[in-house]
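S.K.: One structure, as structure tokens, below. Some questions next.
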Amino acid sequence: MNEIAVIGAGTMGAGIAQLAAKCGCVVHLVDVNGDVLAGGIDAIAKRFARSVEKGRMSEADRDAAMDRIKPASAIGDLDSVELAIEAVVENMDVKHKVFAQLENATPKSAILASNTSSLSVSKIAESVGDPSRVVGMHFFNPAPVMPLVEVIAGTESAPASIDFAFQAAKSWGKVPVRAKDTPGFIVNRVARGFYLEALRLLGEGVAGIDEIDQVMKTHGGFRMGPFELMDLVGLDVNLAVSTSVWQQMNKHPRFTPHEIQQSLVEAGHLGRKTGRGFYSYEKEHPLAAFPVSRQSFEVNPKLGDVLNAFCTRSGVASAGSTEQYVFARILCAILNEAGLAWGARVATSDDIDIAMQKGTNYPKGPLAWADEIGGRNVRGALRGLNDVVGDGRYEPAKIFAEAD
Ligand SMILES: NC(=O)c1ccc[n+]([C@@H]2O[C@H](COP(=O)([O-])OP(=O)(O)OC[C@H]3O[C@@H](n4cnc5c(N)ncnc54)[C@H](O)[C@@H]3O)[C@@H](O)[C@H]2O)c1
């Protein structure tokens with residue numbers, strides 16, 4: 001591919017432009033905000049400079065890549081682009097305006113992609129006369145580094161448009177997966193339980209912020225705990241995704257946003273970027289920003305048995321009972337959501353597993369993980385938890401309900 005456009009030069013747009021320019025594409029980088037545009041170009045130049053310093057890029061390649069980036073303050077004539085990727089603010093009206101402009105500015109053969117995290121690609125395509133050209137290309141932050149791209153098929157997307165986006169991502173060294181246009185696609189749906197169950201455990205007084213993070217890292221092999229990850233992503237960004245998925249999923253209790261997170265966002269404690277979120281970053285080592293209001297809790301013998309079987313098969317046999325409970329609550333939520341997404345044909349089982357490993361660094365694909373633990377053990381733990389939580393959020397996915 002020779003020439004593309006990226007609309008929006010913020011966090012994601014600048015990252016995507018950097019990636020494509022490095023891979024040899026001429027990139028028209030458009031942002032209506034001159035400061036953001038200049039900041040985006042500056043950020044790319046700094047990241048390239050670091051690559052040169054580390055010997056990963058020659059100075060000549062850096063200069064050539066920078067030359068290929070053509071900044072612009074408005075969508076002008078884009079008559080040579082083969083692909084336009086929209087990465088403007090997450091707002092349907094703004095995206096509609098941008099897509100209507102892109103349709104006029106680009107050749108009819110060009111593919112129009114949105115980097116939306118949580119809006120419907122099919123709805124975005126409604127502002128375009130020929131929606132068969134529109135697809136989702138969901139990159140992950142930081143776009144030059146994270147390998148995954150979810151390629152989303154809207155209801156009207158042409159198979160050739162999907163294939164084009166898939167091949168474009170591959171040609172830039174990414175790992176693309178295909179997903180249906182459903183709330184949160186793969187990663188932002190399947191990952192919700194990791195955050196939300198952790199918040200619920202904290203809210204119920206079962207364990208503290210650092211204890212829950214430690215359990216998931218030590219016993220689950222996750223690179224970061226749920227609270228560390230929310231602090232890194234930004235509590236506001238994470239909450240916005242949870243709220244959007246929850247609303248689009250008819251407010252199912254699996255996705256209910258948590259009041260602890262809502263009040264931290266209201267207080268402006270957004271995570272690392274504000275110096276405080278679930279952790280405080282004032283000292284050299286992050287410290288839990290507030291203690292758990294610990295409550296005693298009991299696991300009835302029946303639930304204890306099924307959780308023990310689940311944990312033993314997960315390699316967590318030696319953990320204490322509270323640790324096992326924390327681990328099982330969080331991992332069961334993830335595995336079940338992966339099963340539900342597979343059942344809803346959001347993606348193939350391979351693509352679900354690849355997406356969770358490459359988009360959010362999970363140590364294993366959740367469906368392969370469930371196979372390892374055994375469908376019957378997963379079902380037992382899900383049913384046991386569902387009996388005690390009372391809101392139906394652990395109702396087993398069909399794949400587990402019918403496991404032999
Ligand atoms: N930040 C993330 O972690 C992340 C990850 C994946 C996907 N996304 C999605 O990517 C998109 C962009 O997110 P971001 O974090 O880069 O946002 P951002 O706020 O950093 O950047 C958005 C940019 O769009 C520009 N913009 C607004 N209207 C425009 C228009 N009409 N024409 C040109 N530019 C316009 C704004 O000036 C702003 O600079 C959103 O849809 C978001 O959901 C974000």
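Ligands are numbered from 1 in the order shown, residues from 1 within each chain, and chains are lettered A, B, ... in the order they appear in the structure tokens.
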Write as a PyMOL selection string the residues around ligand 1, taking 8 Å as the cut-off and counting only C-alpha atoms and all ligand atoms.

M.R.: chain A and resi 7-14+30-34+36-37+73-75+86-91+94-95+97-98+114-119+138-142+233+237

S.K.: With a cut-off of 12 Å, could you pull out the residues of segment 274-337 of chain A touching segment 373-381 of chain A and give me the nearest pair of atoms for each, distance in Å to one decimal, using only C-alpha atoms, ordered by chain and ascending number, as JSON lines?

M.R.:
```
{"residue": "A:Lys302", "atom": "CA", "partner": "A:Gly380", "partner_atom": "CA", "distance": 9.9}
{"residue": "A:Leu303", "atom": "CA", "partner": "A:Ala381", "partner_atom": "CA", "distance": 7.3}
{"residue": "A:Gly304", "atom": "CA", "partner": "A:Ala381", "partner_atom": "CA", "distance": 9.1}
{"residue": "A:Asp305", "atom": "CA", "partner": "A:Ala381", "partner_atom": "CA", "distance": 8.8}
{"residue": "A:Val306", "atom": "CA", "partner": "A:Ala381", "partner_atom": "CA", "distance": 5.2}
{"residue": "A:Leu307", "atom": "CA", "partner": "A:Ala381", "partner_atom": "CA", "distance": 5.4}
{"residue": "A:Asn308", "atom": "CA", "partner": "A:Ala381", "partner_atom": "CA", "distance": 8.7}
{"residue": "A:Ala309", "atom": "CA", "partner": "A:Asn377", "partner_atom": "CA", "distance": 6.4}
{"residue": "A:Phe310", "atom": "CA", "partner": "A:Asn377", "partner_atom": "CA", "distance": 5.3}
{"residue": "A:Cys311", "atom": "CA", "partner": "A:Ile373", "partner_atom": "CA", "distance": 8.4}
{"residue": "A:Thr312", "atom": "CA", "partner": "A:Ile373", "partner_atom": "CA", "distance": 8.5}
{"residue": "A:Arg313", "atom": "CA", "partner": "A:Ile373", "partner_atom": "CA", "distance": 5.0}
{"residue": "A:Ser314", "atom": "CA", "partner": "A:Ile373", "partner_atom": "CA", "distance": 5.8}
{"residue": "A:Gly315", "atom": "CA", "partner": "A:Ile373", "partner_atom": "CA", "distance": 9.0}
{"residue": "A:Val316", "atom": "CA", "partner": "A:Ile373", "partner_atom": "CA", "distance": 11.1}
{"residue": "A:Gln324", "atom": "CA", "partner": "A:Ala381", "partner_atom": "CA", "distance": 11.5}
{"residue": "A:Tyr325", "atom": "CA", "partner": "A:Ala381", "partner_atom": "CA", "distance": 10.3}
{"residue": "A:Phe327", "atom": "CA", "partner": "A:Ala381", "partner_atom": "CA", "distance": 11.4}
{"residue": "A:Ala328", "atom": "CA", "partner": "A:Ala381", "partner_atom": "CA", "distance": 7.6}
{"residue": "A:Arg329", "atom": "CA", "partner": "A:Ala381", "partner_atom": "CA", "distance": 8.7}
{"residue": "A:Ile330", "atom": "CA", "partner": "A:Ala381", "partner_atom": "CA", "distance": 11.4}
{"residue": "A:Leu331", "atom": "CA", "partner": "A:Val378", "partner_atom": "CA", "distance": 9.7}
{"residue": "A:Cys332", "atom": "CA", "partner": "A:Val378", "partner_atom": "CA", "distance": 7.1}
{"residue": "A:Ala333", "atom": "CA", "partner": "A:Val378", "partner_atom": "CA", "distance": 10.3}
{"residue": "A:Ile334", "atom": "CA", "partner": "A:Val378", "partner_atom": "CA", "distance": 11.1}
{"residue": "A:Leu335", "atom": "CA", "partner": "A:Val378", "partner_atom": "CA", "distance": 8.1}
{"residue": "A:Asn336", "atom": "CA", "partner": "A:Val378", "partner_atom": "CA", "distance": 8.4}
```

S.K.: Tell me, as a list of chain:residue names, which residues lie within 12 Å of Asp236 of chain A, counting only C-alpha atoms; anything in the same chain fewer than 5 positions away does not count.

M.R.: A:Met230, A:Asp231, A:Val241, A:Ser242, A:Thr243, A:Pro257, A:Gln261, A:Gln262, A:Ser263, A:Leu264, A:Val265, A:Glu266, A:Ala267, A:Gly268, A:His269, A:Leu270, A:Gly271, A:Arg272, A:Lys273, A:Thr274, A:Gly277

S.K.: Where does DSSP see helix (DSSP H, G or I) in segment 221-367 of chain A, if you list the residues as a PyMOL selection string?

M.R.: chain A and resi 226-233+235-248+253-255+259-266+272-274+301-313+321-343+349-360+366-367

S.K.: Point out the residue among A:Phe255, A:Phe185, A:Tyr362, A:Phe194 with the least atom-to-atom distance to Ala347 of chain A, counting only C-alpha atoms.

M.R.: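 Result for the nearest residue to Ala347 of chain A: A:Phe185.
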
S.K.: Which residues are near segment 290-298 of chain A? Cut-off 7 Å, only C-alpha atoms, ignore same chain within fewer than 3 positions. Put them as number ranges by chain.

M.R.: A: 202, 204-208

S.K.: Counting only C-alpha atoms, which residue out of A:Pro71, A:Glu282, A:Ser321, A:Gln101 sits closest to Pro301 of chain A?

M.R.: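 Ranking A:Pro71, A:Glu282, A:Ser321, A:Gln101 by distance to Pro301 of chain A, first place goes to A:Ser321.
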
S.K.: For Phe164 of chain A, which residue out of A:Pro226, A:Gly136, A:Gly193, A:Gly234 is the nearest one, using only C-alpha atoms?

M.R.: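 Of all the options, A:Gly136 lies closest to Phe164 of chain A.
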
S.K.: Can you tell me how far atom CA of Asn104 of chain A sits from atom CA of Leu78 of chain A, in Å to one decimal?

M.R.: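 Between these atoms lies a distance of 9.0 Å.
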
S.K.: Counting only C-alpha atoms, figure out which residue out of A:Val326, A:Asp371, A:Lys70, A:Asn361 gets nearest to Met216 of chain A.

M.R.: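 Between A:Val326, A:Asp371, A:Lys70, A:Asn361, the residue approaching Met216 of chain A most closely is A:Val326.
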